[in-house]
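What follows is the content of data-v5.cif (mmCIF, C-alpha atoms).
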data_my_file
loop_
_atom_site.label_atom_id
_atom_site.label_comp_id
_atom_site.auth_asym_id
_atom_site.auth_seq_id
_atom_site.Cartn_x
_atom_site.Cartn_y
_atom_site.Cartn_z
CA MET A 224 37.08 -21.46 -37.88
CA LEU A 225 39.58 -19.91 -35.46
CA PHE A 226 37.35 -16.83 -35.19
CA ARG A 227 34.34 -19.03 -34.46
CA ARG A 228 36.20 -20.97 -31.74
CA HIS A 229 37.35 -17.71 -30.15
CA SER A 230 33.78 -16.37 -30.39
CA ARG A 231 32.43 -19.49 -28.69
CA LEU A 232 35.09 -19.18 -25.99
CA ALA A 233 34.21 -15.52 -25.46
CA TRP A 234 30.52 -16.29 -25.17
CA THR A 235 31.28 -19.15 -22.76
CA LEU A 236 33.25 -16.77 -20.54
CA ILE A 237 30.54 -14.13 -20.72
CA LEU A 238 27.84 -16.69 -19.90
CA GLY A 239 29.89 -17.92 -16.97
CA TRP A 240 30.25 -14.38 -15.69
CA ILE A 241 26.50 -13.76 -16.01
CA LEU A 242 25.64 -17.00 -14.21
CA GLY A 243 28.13 -16.14 -11.49
CA CYS A 244 26.51 -12.75 -11.01
CA CYS A 245 23.07 -14.36 -10.94
CA ALA A 246 24.27 -16.85 -8.34
CA ALA A 247 25.59 -14.00 -6.22
CA TYR A 248 22.24 -12.19 -6.43
CA ALA A 249 20.36 -15.42 -5.72
CA SER A 250 22.37 -16.21 -2.58
CA GLU A 251 20.33 -16.38 0.58
CA PRO A 252 20.25 -13.41 2.97
CA PRO A 253 22.63 -13.78 5.91
CA ARG A 254 21.92 -15.54 9.20
CA TYR A 255 22.21 -13.25 12.19
CA ALA A 256 20.35 -12.06 15.29
CA LEU A 257 18.68 -8.83 16.27
CA ARG A 258 18.66 -7.80 19.92
CA SER A 259 16.31 -5.09 21.17
CA ALA A 260 15.29 -3.62 24.51
CA ARG A 261 11.62 -4.24 23.67
CA MET A 262 9.39 -6.08 21.22
CA LEU A 263 5.67 -5.58 20.66
CA ASP A 264 3.60 -8.73 20.33
CA VAL A 265 0.91 -7.22 18.09
CA ASP A 266 -1.50 -10.11 18.70
CA SER A 267 -1.59 -9.86 22.51
CA GLY A 268 -0.54 -6.24 22.85
CA ARG A 269 2.22 -7.19 25.30
CA ILE A 270 5.61 -5.52 25.35
CA LEU A 271 8.37 -8.11 25.79
CA GLU A 272 11.66 -7.02 27.32
CA ASN A 273 15.19 -7.78 26.11
CA VAL A 274 14.29 -9.77 23.01
CA THR A 275 16.52 -11.61 20.56
CA VAL A 276 15.23 -12.55 17.09
CA VAL A 277 17.25 -14.94 14.91
CA ILE A 278 16.93 -14.38 11.14
CA ALA A 279 17.96 -16.86 8.45
CA GLY A 280 17.13 -17.23 4.77
CA GLY A 281 14.98 -14.12 4.78
CA ARG A 282 12.68 -15.44 7.49
CA ILE A 283 12.43 -15.42 11.26
CA GLU A 284 14.08 -18.56 12.60
CA ALA A 285 13.53 -18.09 16.33
CA VAL A 286 12.37 -15.59 18.93
CA ASN A 287 14.25 -15.63 22.26
CA PRO A 288 15.99 -18.98 21.71
CA PRO A 289 17.68 -20.54 24.78
CA GLY A 290 21.10 -19.86 23.29
CA LEU A 291 22.85 -18.51 20.23
CA PRO A 292 25.38 -20.39 18.10
CA GLU A 293 28.95 -19.34 18.68
CA GLY A 294 30.09 -16.73 16.18
CA LEU A 295 26.59 -15.68 15.11
CA GLU A 296 26.55 -11.95 14.34
CA VAL A 297 24.31 -9.99 16.71
CA VAL A 298 22.99 -6.55 15.73
CA ASP A 299 22.15 -4.65 18.89
CA LEU A 300 19.29 -2.21 18.27
CA GLY A 301 19.67 -0.65 21.71
CA ASP A 302 16.78 1.15 23.41
CA ARG A 303 14.31 0.43 20.64
CA THR A 304 10.98 -1.34 20.22
CA LEU A 305 10.94 -4.05 17.56
CA LEU A 306 7.74 -4.46 15.53
CA PRO A 307 6.63 -6.34 12.42
CA GLY A 308 7.21 -4.47 9.16
CA LEU A 309 4.41 -1.96 8.65
CA MET A 310 1.86 -2.15 5.83
CA ASP A 311 0.20 0.75 4.01
CA LEU A 312 -2.74 -0.46 1.96
CA HIS A 313 -3.47 2.78 0.10
CA THR A 314 -0.47 4.32 -1.58
CA HIS A 315 0.23 5.95 -4.94
CA LEU A 316 3.97 5.56 -5.34
CA LEU A 317 3.91 6.94 -8.89
CA TYR A 318 2.08 10.07 -7.82
CA SER A 319 2.84 13.33 -6.03
CA LEU A 320 1.33 16.80 -5.75
CA GLU A 321 4.41 18.54 -7.07
CA GLY A 322 5.08 20.50 -10.21
CA ASP A 323 2.29 20.77 -12.77
CA TRP A 324 0.43 17.72 -11.45
CA VAL A 325 -2.91 18.89 -12.88
CA HIS A 326 -1.66 18.47 -16.49
CA ARG A 327 0.67 15.55 -15.85
CA ALA A 328 -1.52 13.09 -17.76
CA VAL A 329 -0.86 14.87 -21.07
CA LYS A 330 2.74 15.89 -20.41
CA GLU A 331 4.37 12.74 -19.07
CA SER A 332 4.82 9.11 -20.05
CA PRO A 333 4.66 5.99 -17.86
CA ALA A 334 8.47 6.12 -17.77
CA ASP A 335 8.28 9.43 -15.90
CA ALA A 336 5.88 7.89 -13.42
CA ALA A 337 8.11 4.85 -12.92
CA LEU A 338 11.16 6.99 -12.17
CA ARG A 339 9.19 9.05 -9.67
CA GLY A 340 7.88 5.80 -8.19
CA ALA A 341 11.39 4.44 -7.70
CA ARG A 342 12.28 7.48 -5.61
CA ASN A 343 9.07 7.25 -3.59
CA ALA A 344 9.43 3.51 -3.03
CA ALA A 345 12.84 3.94 -1.41
CA VAL A 346 11.55 6.72 0.85
CA THR A 347 8.53 4.63 1.86
CA LEU A 348 10.67 1.63 2.77
CA LYS A 349 12.98 3.73 4.93
CA ALA A 350 9.89 5.05 6.74
CA GLY A 351 9.22 1.49 7.95
CA PHE A 352 6.68 0.26 5.41
CA THR A 353 7.76 -3.11 4.07
CA THR A 354 4.50 -3.90 2.22
CA VAL A 355 2.25 -1.52 0.32
CA ARG A 356 -0.89 -1.93 -1.72
CA ASP A 357 -0.53 0.56 -4.56
CA VAL A 358 -4.03 1.41 -5.72
CA GLY A 359 -3.78 2.82 -9.21
CA GLY A 360 -0.99 4.02 -11.49
CA THR A 361 -0.57 4.76 -15.17
CA GLY A 362 0.61 2.68 -18.10
CA PHE A 363 1.32 -0.30 -15.80
CA ALA A 364 4.33 1.56 -14.44
CA ASP A 365 3.33 0.39 -10.94
CA ILE A 366 3.63 -3.23 -12.04
CA ALA A 367 7.01 -2.54 -13.64
CA LEU A 368 8.11 -0.94 -10.38
CA ALA A 369 6.93 -3.96 -8.39
CA ARG A 370 8.95 -6.26 -10.67
CA ALA A 371 12.03 -4.07 -10.31
CA ILE A 372 11.74 -4.17 -6.52
CA ASP A 373 11.25 -7.94 -6.49
CA GLY A 374 14.25 -8.33 -8.77
CA GLY A 375 16.50 -6.16 -6.64
CA THR A 376 16.94 -3.43 -9.24
CA VAL A 377 15.11 -0.83 -7.16
CA GLU A 378 14.91 -0.44 -3.39
CA GLY A 379 11.38 -0.43 -2.05
CA PRO A 380 8.67 -2.31 -0.17
CA ARG A 381 6.84 -5.41 -1.34
CA MET A 382 4.10 -4.14 -3.65
CA VAL A 383 0.56 -5.28 -4.36
CA PRO A 384 -0.15 -3.25 -7.53
CA ALA A 385 -3.52 -2.50 -9.11
CA GLY A 386 -2.56 -1.43 -12.61
CA HIS A 387 -5.07 1.22 -13.68
CA SER A 388 -7.85 2.33 -11.34
CA LEU A 389 -11.23 1.60 -12.93
CA GLY A 390 -13.78 4.39 -13.35
CA ILE A 391 -16.62 5.62 -15.56
CA THR A 392 -16.18 7.85 -18.59
CA GLY A 393 -15.68 11.36 -17.25
CA GLY A 394 -15.43 10.15 -13.66
CA HIS A 395 -12.87 10.42 -10.91
CA CYS A 396 -10.57 7.76 -12.39
CA ASP A 397 -10.79 9.03 -15.96
CA THR A 398 -8.60 11.83 -17.37
CA THR A 399 -10.96 14.78 -17.84
CA GLY A 400 -10.91 18.44 -18.80
CA TYR A 401 -9.29 18.22 -22.23
CA ALA A 402 -10.62 18.58 -25.77
CA PRO A 403 -12.21 15.53 -27.42
CA GLY A 404 -9.55 13.14 -28.67
CA ILE A 405 -6.96 14.11 -26.03
CA ALA A 406 -6.17 11.54 -23.33
CA GLU A 407 -9.18 9.43 -24.26
CA GLU A 408 -9.17 6.14 -22.35
CA GLY A 409 -10.92 2.80 -22.66
CA PRO A 410 -11.24 -0.40 -20.61
CA GLU A 411 -7.54 -1.21 -21.03
CA GLU A 412 -6.66 2.10 -19.34
CA GLY A 413 -9.40 1.59 -16.75
CA THR A 414 -12.32 3.61 -18.18
CA ALA A 415 -15.35 1.32 -18.40
CA ASP A 416 -19.10 1.76 -18.89
CA GLY A 417 -21.42 -1.16 -18.29
CA PRO A 418 -20.75 -4.68 -16.97
CA GLU A 419 -19.22 -5.95 -20.22
CA GLN A 420 -16.60 -3.21 -20.37
CA MET A 421 -15.97 -3.75 -16.66
CA LEU A 422 -15.14 -7.39 -17.34
CA ARG A 423 -12.72 -6.31 -20.07
CA ALA A 424 -11.10 -3.74 -17.79
CA VAL A 425 -10.65 -6.21 -14.91
CA ARG A 426 -9.30 -8.95 -17.14
CA TYR A 427 -6.87 -6.60 -18.85
CA GLN A 428 -5.42 -5.38 -15.55
CA ILE A 429 -4.99 -8.95 -14.35
CA LYS A 430 -3.41 -9.98 -17.66
CA HIS A 431 -0.71 -7.38 -17.16
CA GLY A 432 0.07 -8.15 -13.54
CA ALA A 433 -2.48 -6.50 -11.24
CA LYS A 434 -2.70 -8.16 -7.81
CA VAL A 435 -5.68 -6.12 -6.58
CA ILE A 436 -8.47 -4.36 -8.46
CA LYS A 437 -9.26 -0.74 -7.61
CA ILE A 438 -12.60 0.77 -8.64
CA CYS A 439 -13.90 4.30 -8.21
CA ALA A 440 -17.41 3.85 -6.88
CA THR A 441 -17.97 7.59 -6.43
CA ALA A 442 -16.58 10.91 -7.51
CA GLY A 443 -13.48 12.18 -5.73
CA VAL A 444 -11.61 15.24 -4.52
CA LEU A 445 -8.50 15.62 -6.70
CA SER A 446 -10.38 15.64 -10.02
CA PHE A 447 -12.57 18.10 -11.86
CA GLU A 448 -15.73 16.04 -12.27
CA GLY A 449 -18.96 16.61 -10.30
CA PRO A 450 -19.95 16.49 -6.63
CA VAL A 451 -17.41 14.69 -4.49
CA GLY A 452 -19.76 12.05 -3.10
CA ALA A 453 -21.84 11.26 -6.19
CA GLN A 454 -22.15 7.56 -7.05
CA GLN A 455 -20.50 6.76 -10.39
CA PHE A 456 -20.36 3.01 -11.03
CA SER A 457 -23.73 1.26 -10.75
CA TYR A 458 -24.24 -1.70 -8.45
CA GLU A 459 -24.31 -4.00 -11.49
CA GLU A 460 -20.98 -2.69 -12.76
CA MET A 461 -19.34 -3.09 -9.37
CA ALA A 462 -20.77 -6.58 -8.87
CA ALA A 463 -19.35 -7.60 -12.26
CA ALA A 464 -15.90 -6.38 -11.22
CA VAL A 465 -16.04 -8.20 -7.89
CA GLU A 466 -17.23 -11.47 -9.42
CA GLU A 467 -14.52 -11.43 -12.09
CA ALA A 468 -11.75 -10.45 -9.67
CA GLN A 469 -12.76 -13.18 -7.22
CA ARG A 470 -12.67 -15.73 -10.01
CA HIS A 471 -8.97 -14.91 -10.36
CA GLY A 472 -8.34 -14.84 -6.61
CA LEU A 473 -8.08 -11.05 -6.35
CA LYS A 474 -9.81 -8.62 -4.02
CA VAL A 475 -11.48 -5.34 -4.95
CA ALA A 476 -10.83 -2.01 -3.24
CA ALA A 477 -13.44 0.70 -3.80
CA HIS A 478 -12.64 4.41 -3.65
CA ALA A 479 -15.89 5.80 -2.21
CA HIS A 480 -16.86 9.06 -0.50
CA GLY A 481 -20.66 9.37 -0.67
CA ALA A 482 -23.14 7.18 1.19
CA GLU A 483 -25.05 5.78 -1.81
CA GLY A 484 -21.90 4.70 -3.62
CA ILE A 485 -20.36 3.24 -0.45
CA LEU A 486 -23.45 1.16 0.29
CA ALA A 487 -23.67 -0.09 -3.30
CA ALA A 488 -19.99 -1.09 -3.25
CA VAL A 489 -20.36 -2.91 0.06
CA LYS A 490 -23.39 -4.82 -1.20
CA ALA A 491 -21.53 -5.63 -4.43
CA GLY A 492 -18.96 -7.47 -2.31
CA VAL A 493 -15.84 -5.30 -2.36
CA SER A 494 -13.23 -6.19 0.24
CA SER A 495 -12.49 -2.63 1.32
CA ILE A 496 -13.88 0.88 1.19
CA GLU A 497 -11.16 3.46 0.63
CA HIS A 498 -11.75 6.81 2.38
CA GLY A 499 -15.38 6.08 3.38
CA SER A 500 -16.09 9.74 4.02
CA ILE A 501 -19.85 9.59 4.65
CA LEU A 502 -20.91 6.53 6.63
CA THR A 503 -24.49 5.98 7.74
CA ASP A 504 -25.73 3.60 10.42
CA GLU A 505 -26.89 1.26 7.65
CA ILE A 506 -23.46 1.26 5.99
CA ILE A 507 -21.68 0.64 9.29
CA ALA A 508 -23.97 -2.29 10.10
CA GLU A 509 -23.55 -3.77 6.61
CA MET A 510 -19.76 -3.45 6.73
CA LYS A 511 -19.62 -5.18 10.09
CA ARG A 512 -21.95 -7.95 8.91
CA ARG A 513 -19.90 -8.64 5.80
CA GLY A 514 -16.45 -7.99 7.29
CA THR A 515 -15.82 -5.19 4.79
CA TYR A 516 -12.74 -3.20 5.73
CA LEU A 517 -12.51 0.56 5.94
CA VAL A 518 -9.18 2.04 4.80
CA PRO A 519 -9.72 5.61 6.03
CA THR A 520 -6.62 7.60 4.85
CA THR A 521 -7.32 10.15 7.57
CA TYR A 522 -3.99 11.94 8.11
CA LEU A 523 -4.37 13.71 4.78
CA ALA A 524 -7.34 15.58 6.28
CA ASP A 525 -4.84 17.12 8.71
CA ALA A 526 -1.95 17.50 6.28
CA ILE A 527 -3.16 18.54 2.86
CA ASP A 528 -2.29 22.11 1.86
CA LEU A 529 -5.69 23.38 0.79
CA SER A 530 -4.25 26.70 -0.40
CA ALA A 531 -2.23 24.88 -3.07
CA LEU A 532 -5.29 23.29 -4.68
CA PRO A 533 -7.24 24.66 -7.65
CA ALA A 534 -10.42 26.39 -6.47
CA PRO A 535 -12.96 23.68 -7.52
CA ILE A 536 -10.87 20.95 -5.89
CA ARG A 537 -10.31 23.00 -2.74
CA ALA A 538 -14.06 23.53 -2.37
CA LYS A 539 -14.64 19.76 -2.52
CA ALA A 540 -11.89 19.07 0.01
CA GLU A 541 -13.19 21.65 2.46
CA TRP A 542 -16.64 20.07 2.27
CA ILE A 543 -15.73 16.38 2.54
CA LEU A 544 -12.73 16.20 4.92
CA PRO A 545 -14.53 17.22 8.15
CA ARG A 546 -17.28 14.71 7.37
CA ALA A 547 -14.68 12.01 6.79
CA LYS A 548 -13.17 12.60 10.23
CA ASP A 549 -16.58 12.30 11.87
CA SER A 550 -17.41 9.12 9.94
CA LEU A 551 -14.15 7.51 11.01
CA ARG A 552 -14.83 8.28 14.67
CA ARG A 553 -18.20 6.57 14.35
CA ALA A 554 -16.71 3.58 12.54
CA ILE A 555 -14.03 3.10 15.20
CA ALA A 556 -16.59 3.33 18.01
CA ALA A 557 -18.85 0.81 16.23
CA GLY A 558 -16.09 -1.73 15.61
CA VAL A 559 -15.90 -1.61 11.81
CA PRO A 560 -12.81 -3.55 10.60
CA ILE A 561 -10.12 -0.97 9.81
CA ALA A 562 -6.86 -1.41 7.90
CA PHE A 563 -4.09 1.15 7.61
CA GLY A 564 -3.85 3.28 4.47
CA THR A 565 -2.59 6.78 3.84
CA ASP A 566 -3.12 8.00 0.25
CA ALA A 567 0.57 8.93 0.32
CA GLY A 568 1.26 11.00 -2.75
CA VAL A 569 -1.48 13.45 -1.82
CA TYR A 570 1.05 14.50 0.81
CA PRO A 571 4.78 13.70 0.69
CA HIS A 572 5.83 10.06 0.63
CA GLY A 573 7.74 8.94 3.69
CA LEU A 574 5.34 10.61 6.12
CA ASN A 575 3.03 7.57 6.06
CA ALA A 576 3.52 6.81 9.77
CA ARG A 577 1.84 10.08 10.77
CA GLU A 578 -1.42 8.26 10.02
CA PHE A 579 -1.01 6.44 13.36
CA ALA A 580 -1.42 9.58 15.46
CA SER A 581 -4.43 10.65 13.40
CA LEU A 582 -6.07 7.26 13.98
CA VAL A 583 -5.51 7.62 17.71
CA ASP A 584 -6.91 11.14 17.59
CA ARG A 585 -10.08 9.73 15.97
CA GLY A 586 -10.57 7.18 18.77
CA MET A 587 -8.25 4.19 18.33
CA THR A 588 -5.90 3.01 21.03
CA PRO A 589 -2.21 3.01 20.06
CA LEU A 590 -2.32 -0.79 19.90
CA GLN A 591 -5.36 -0.79 17.61
CA ALA A 592 -3.65 1.70 15.31
CA ILE A 593 -0.54 -0.48 15.09
CA GLN A 594 -2.67 -3.59 14.56
CA SER A 595 -4.36 -1.84 11.62
CA ALA A 596 -0.95 -1.77 9.88
CA THR A 597 0.00 -5.34 10.83
CA ILE A 598 -2.50 -8.09 11.65
CA ARG A 599 -5.53 -6.25 10.21
CA ALA A 600 -3.64 -5.35 7.05
CA VAL A 601 -2.57 -8.98 6.65
CA ASP A 602 -6.19 -10.09 6.98
CA LEU A 603 -7.33 -7.67 4.28
CA LEU A 604 -4.46 -8.65 1.98
CA GLY A 605 -5.29 -12.32 2.46
CA VAL A 606 -1.72 -13.40 3.25
CA ASP A 607 -0.31 -15.20 6.27
CA ASP A 608 3.46 -14.87 5.89
CA ARG A 609 3.96 -11.51 7.62
CA GLY A 610 2.42 -9.09 10.12
CA VAL A 611 3.73 -10.72 13.31
CA ILE A 612 7.15 -11.55 14.73
CA ALA A 613 7.11 -15.34 14.89
CA PRO A 614 9.16 -18.27 13.57
CA GLY A 615 8.55 -18.98 9.91
CA LYS A 616 7.30 -15.51 9.03
CA LEU A 617 9.06 -13.19 6.60
CA ALA A 618 11.84 -11.26 8.29
CA ASP A 619 10.21 -7.88 7.65
CA LEU A 620 10.85 -5.85 10.79
CA VAL A 621 11.16 -2.29 12.03
CA ALA A 622 12.52 -0.77 15.20
CA VAL A 623 11.29 2.55 16.55
CA ALA A 624 12.50 4.84 19.30
CA GLY A 625 10.81 4.53 22.68
CA ASN A 626 7.58 2.66 23.35
CA PRO A 627 4.83 3.43 20.81
CA LEU A 628 2.11 2.20 23.18
CA ASP A 629 3.03 5.10 25.46
CA ASP A 630 3.58 7.61 22.66
CA ILE A 631 2.16 6.72 19.23
CA THR A 632 4.18 9.49 17.55
CA GLN A 633 7.24 7.25 18.04
CA MET A 634 5.97 5.29 15.03
CA SER A 635 7.36 8.12 12.92
CA GLU A 636 10.82 7.63 14.48
CA VAL A 637 11.88 4.51 12.59
CA ARG A 638 15.53 3.69 13.24
CA TYR A 639 15.97 0.24 11.65
CA VAL A 640 14.20 -1.51 8.76
CA VAL A 641 14.67 -5.15 7.79
CA LEU A 642 13.16 -6.47 4.54
CA GLY A 643 13.40 -10.18 3.84
CA GLY A 644 16.28 -10.50 6.29
CA GLU A 645 18.29 -7.65 4.75
CA LEU A 646 19.02 -4.69 6.99
CA VAL A 647 18.05 -1.95 4.52
CA HIS A 648 17.98 1.03 6.86
CA ARG A 649 19.85 1.86 10.05
CA PRO A 650 21.08 5.01 11.78
#

Take the structure from the file and write it as structure tokens.
Amino acid sequence: MLFRRHSRLAWTLILGWILGCCAAYASEPPRYALRSARMLDVDSGRILENVTVVIAGGRIEAVNPPGLPEGLEVVDLGDRTLLPGLMDLHTHLLYSLEGDWVHRAVKESPADAALRGARNAAVTLKAGFTTVRDVGGTGFADIALARAIDGGTVEGPRMVPAGHSLGITGGHCDTTGYAPGIAEEGPEEGTADGPEQMLRAVRYQIKHGAKVIKICATAGVLSFEGPVGAQQFSYEEMAAAVEEAQRHGLKVAAHAHGAEGILAAVKAGVSSIEHGSILTDEIIAEMKRRGTYLVPTTYLADAIDLSALPAPIRAKAEWILPRAKDSLRRAIAAGVPIAFGTDAGVYPHGLNAREFASLVDRGMTPLQAIQSATIRAVDLLGVDDRGVIAPGKLADLVAVAGNPLDDITQMSEVRYVVLGGELVHRP
């Protein structure tokens, strides 16, 4: 009996300690103020001078209030420009072109991918990206990473994970090149043929935590299957995915390079075309009519080391990338809705902000490029709690050197990052 009483006492003490720790973790972020030489109003495009933003409970409480409470901590950002936290809607945090990446699918487990993702998530956050849409991982490691970030175990941006990318047997989003029986995949792992399997694939990703559905409408570059622009999923397959995802309140992002596959995906009702390398006048008109976003991932065309790619993949890249640049210029000039995405992982994570200068090079103004990563990204995500600096919004903020409207490359010079009111990066 004495042993039992002591055991109960020990467990009571342990439980109290656990609850105390949980209470400490659950405590609200601090209340304080940020002061900056400049702030960009991304809606109007105006630069405001000498701005003070009050943060409380992880949200923005006030912008330029008439006075501050006595004793309130003020963090002076100095000669910086304050902006909303940036959003990258096409990342692969679990992925990188390092080591033996070609054979990674048969050499590594989802645990390897998750550990790599934890490193990449921290780097991405410090680069100023407080929200990412992660469009395809392996073994649901992306969803585990998102949970770890939300729970405070791992440092990283807010994630909108896709689970497995969906593709046809032998297509861009399947694992190919191995003997029969090796790395075979089915609807649960994202490989689906026909509308019925597509329903199974979509439902299985949602069951295990996907917040967006990613489909591969066409062939791709970094895979060993056929021509880079060839349509892979049929219209009927894509329409089935869109209908099922919408039933659950999710959007569909379609990897698509070639014109036929892009047009079929747009008509099937996807919310965004990823890459969009070959755009025709008909596609541009249809995207504008439907409000379909283009997520162009254009910096990689400037950055990717072609000499490091296997010969068949290099040949595809050399053919498609110049066409993708030209298509983006036409889309910008025509007014196609564009949201910011980088394909980070194809080049090193943390360099995401270099996409801004590439967008400007293709024809955007600096303001339009920044809007693509804030108010346009919010519109595509379908959320309204971030993307601008205003009372009530999430306190996700970044501060960059100089004025990015004068020099867009300043977007790569992030000095401060605030996520949910917590100052997670500073000089």

The PyMOL selection byres ((chain A and resi 421) around 10) resolved against shown file, as a PyMOL selection string: chain A and resi 389-391+410-411+413-420+422-427+438+456+459-465+467

Nearby residues (all atoms listed in the file) at most 12 Å from A:Glu505, same-chain spacing under 6 positions excluded, as an MDAnalysis selection string: chainID A and resid 482:483 485:487 489:490 511:512 554 557

Test item: residues at most 7 Å from stretch 307-311 of chain A, all atoms listed in the file, excluding those fewer than 2 positions along its chain, as a PyMOL selection string: chain A and resi 313-314+351-356+563-565+596-597+600+610-612+619-621

Picked residues, the PyMOL selection byres ((chain A and resi 448) around 8), expected as a PyMOL selection string: chain A and resi 393-395+399+442-443+446-447+449-450

Picked residues, the PyMOL selection byres ((chain A and resi 550) around 8), expected as a list in words: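 Residues picked by the PyMOL selection byres ((chain A and resi 550) around 8): Gly499, Ser500, Ile501, Leu502, Arg546, Ala547, Lys548, Asp549, Leu551, Arg552, Arg553 and Ala554 of chain A.
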
Spatial neighbours of A:Val444, 12 Å, all atoms listed in the file, chain gap at least 2 places, as a PyMOL selection string: chain A and resi 394-396+439+441-442+446-453+478-481+498+500+523-524+527+529+532-544+569

Interatomic distance (Å, one decimal) between atom CA of A:Asp608 and atom CA of A:Val583: 26.9 Å

Might you pull out every residue within 10 Å of A:Met587, with only C-alpha atoms counted and same-chain residues fewer than 6 positions away left off, and present them as a PDB file with C-alpha atoms, in the coordinates of the input?
ATOM      1  CA  LEU A 551     -14.150   7.510  11.010  1.00  0.00           C
ATOM      2  CA  ARG A 552     -14.830   8.280  14.670  1.00  0.00           C
ATOM      3  CA  ILE A 555     -14.030   3.100  15.200  1.00  0.00           C
ATOM      4  CA  ALA A 556     -16.590   3.330  18.010  1.00  0.00           C
ATOM      5  CA  PHE A 579      -1.010   6.440  13.360  1.00  0.00           C
ATOM      6  CA  ALA A 580      -1.420   9.580  15.460  1.00  0.00           C
ATOM      7  CA  SER A 581      -4.430  10.650  13.400  1.00  0.00           C
ATOM      8  CA  ILE A 593      -0.540  -0.480  15.090  1.00  0.00           C
ATOM      9  CA  SER A 595      -4.360  -1.840  11.620  1.00  0.00           C
TER      10      SER A 595
END

Using only C-alpha atoms: which of A:Arg513, A:His387, A:Arg599, A:Arg254 has the shortest distance to A:Ala491: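 So, comparing all the options, the nearest one is A:Arg513.
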
Distance criterion (only C-alpha atoms): nearest to A:Arg261 out of A:Asn287, A:Asn575, A:Asn626, A:Thr632: A:Asn626

Separation of atom CA of A:Ile631 from atom CA of A:Ser494, in Å and rounded to one decimal: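 It comes out at 27.6 Å.
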
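Our summary of the geometry notes that atom CA of A:Val641 is positioned 25.2 Å from atom CA of A:Ile561.
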
Residue nearest A:Leu368 - candidates A:Gly625, A:Gly404, A:Pro614, A:Pro380, atoms counted: only C-alpha atoms: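 Counting only C-alpha atoms, the residue closest to A:Leu368 is A:Pro380.
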
Counting all atoms listed in the file, the residue of A:Gln454, A:Val358, A:Ala364, A:Ala624 that sits nearest A:Leu338: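 Under the stated criterion, the closest residue is A:Ala364.
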